[in-house]
Amino acid sequence: MTTKTPEDFASAVETLRAALRAEVTDLAEIGAVTLPRVKLSTRAPVEPVAGPAQAKTPPAPTSAGPGPGAAPPGRLQILQQETLGECTRCKLHRGRTHIVFGVGNPDADLVFVGEGPGADEDRQGIPFVGRAGQLLTKMIKAMGQSRDDVYICNVVKCRPPNNRDPEPDEVEACEPFLKAQLEILKPRVIVGMGRYACQTLLQDRTPISRMRGRWHTYEGVDFMPTFHPAYLLRSPEKKREAWADLQLVMKRLAAPSGPPD
Ligand code: URA
C-alpha cells in the first residue's frame, strides 16, 4: 500500500468539495434544494493537514448517449427506419435537418414526452439537447437515473418553424408514431412535459397548472403531467413544483407495480 501524503489528503478533500458543489448546484438549479446565501466558489482552499491515508475519489462515471446515427434496436428500429422512414407526411419535413425520433433505453420504465424538436435538436437529431434539454438531463440525474436509463421523445418528430406550436394536421400525421413508440416501450410511467404533450396524449384541455402533480392514465400507463423544462427556464419559481411531480414519479417507480396512490 502506498503512503498518502497530507497533499494527497488535501487534494482528495478538494475533489470531494468540487463534486459536492457541482451536485448541490445542479440540485438547486432544478429546484430540489435551496442554497444558503454563501458563495461556495470563494471558499479558502483547504490547508494540507496530516491525516489518515485517504482513497482518491474515483472519477464520476460518464454516460455517452447514443449518437445521432445510433438507432434503437428491435421494434423501435423498425418503426423508425421502415415505418416512419424519411417521412414527408406533413409540411414540417420541408424545414427539417433531422427527424428527431427519440433516444434512450428501449426497456425503460420511464419515458419523457415533450412537444417537438427545437433548433439544437433538429441539428443533432437527438431530443432535448438544447438549454431546456440540459435542465431535463439534470432533473433526470437528480432522480438517480441517466438519459441512458430512460427514454425521451416528442409529440412531433420534426422541428416546427420558429419553435411555434405544432399545428393540428402536423400532430395528426405524427401522433400515430408516438403512440406506436409508447406501445412498444410499454413503460411503467410516462412524464408528459408541458401543456402540449399532456393535452395531446390525454385529450384533455385542462391547463397544465391544474393537470400537473396528479396521476392520470394513458392507455393503461401511469401518466404524470409536469411543466416543460423550457417553461421552467423562464419561470424558475415553478421548479419546486416540477421537482415535487418528479418525486411522485420516483416514489411510483420504487413501489411494486400496482395502481398509483
Ligand atoms: N423542447 C421539446 O419539447 N422537445 C425537444 O426535444 C426540445 C425542446
# chains A, B, ... in the order shown; residues from 1 in each chain; ligands from 1
>>> residues_around(residues="segment 146-155 of chain A", least_positions_apart="3", cutoff="9 Å", atoms="only C-alpha atoms", output="PyMOL selection string")
chain A and resi 63-66+100-117+126-128+137-138+140-143+166+171+174-175+177-178+181+185+196-197+200-201
>>> residues_around(residues="Asp245 of chain A", least_positions_apart="6", cutoff="10 Å", atoms="only C-alpha atoms", output="list in words")
Val191, Arg212, Gly213, Arg214, Trp215, Met224, Pro225, Thr226, Phe227 and Lys239 of chain A
>>> select_by_dssp(residues="segment 130-222 of chain A", states="alpha helix (DSSP H)", output="PyMOL selection string")
chain A and resi 131-142+168-185+194-202+208-211
>>> write_last_selection(atoms="C-alpha atoms", output="short mmCIF file (atom, residue, chain, number, x, y, z; two decimals), in the first residue's frame")
data_model
loop_
_atom_site.label_atom_id
_atom_site.label_comp_id
_atom_site.auth_asym_id
_atom_site.auth_seq_id
_atom_site.Cartn_x
_atom_site.Cartn_y
_atom_site.Cartn_z
CA ARG A 131 -30.84 24.57 -22.85
CA ALA A 132 -34.17 23.03 -21.87
CA GLY A 133 -32.66 19.62 -22.56
CA GLN A 134 -29.72 20.33 -20.28
CA LEU A 135 -32.16 21.16 -17.50
CA LEU A 136 -34.09 17.95 -18.22
CA THR A 137 -30.82 15.98 -18.06
CA LYS A 138 -30.15 17.45 -14.60
CA MET A 139 -33.68 16.59 -13.47
CA ILE A 140 -33.21 13.01 -14.64
CA LYS A 141 -29.87 12.83 -12.85
CA ALA A 142 -31.42 14.16 -9.64
CA PRO A 168 -53.35 20.07 -35.74
CA ASP A 169 -52.56 18.48 -39.13
CA GLU A 170 -48.91 18.00 -38.06
CA VAL A 171 -49.94 16.32 -34.82
CA GLU A 172 -52.44 14.18 -36.67
CA ALA A 173 -49.69 12.99 -39.02
CA CYS A 174 -47.11 12.35 -36.29
CA GLU A 175 -49.10 11.16 -33.26
CA PRO A 176 -49.53 7.59 -34.55
CA PHE A 177 -45.73 7.22 -34.36
CA LEU A 178 -45.64 8.46 -30.77
CA LYS A 179 -48.48 6.06 -29.90
CA ALA A 180 -46.62 3.19 -31.56
CA GLN A 181 -43.41 4.16 -29.75
CA LEU A 182 -45.17 4.13 -26.36
CA GLU A 183 -46.91 0.86 -27.20
CA ILE A 184 -43.53 -0.76 -27.98
CA LEU A 185 -41.79 0.76 -24.96
CA GLY A 194 -45.77 20.86 -20.85
CA ARG A 195 -49.28 21.69 -21.93
CA TYR A 196 -48.85 20.47 -25.45
CA ALA A 197 -47.69 16.91 -24.76
CA CYS A 198 -50.14 16.44 -21.89
CA GLN A 199 -53.18 17.83 -23.65
CA THR A 200 -52.39 15.85 -26.80
CA LEU A 201 -51.83 12.50 -25.11
CA LEU A 202 -54.60 12.82 -22.53
CA ILE A 208 -51.09 22.22 -17.22
CA SER A 209 -51.01 24.12 -13.90
CA ARG A 210 -54.09 22.16 -12.81
CA MET A 211 -53.17 18.86 -14.50
#
>>> residues_around(residues="Arg159 of chain A", least_positions_apart="6", cutoff="10 Å", atoms="only C-alpha atoms", output="MDAnalysis selection string")
chainID A and resid 92:100 115:123 165:166
>>> closest_residue(among="A:Val221, A:Ala230, A:Ala32, A:Leu76", to="Lys186 of chain A", atoms="only C-alpha atoms")
A:Val221
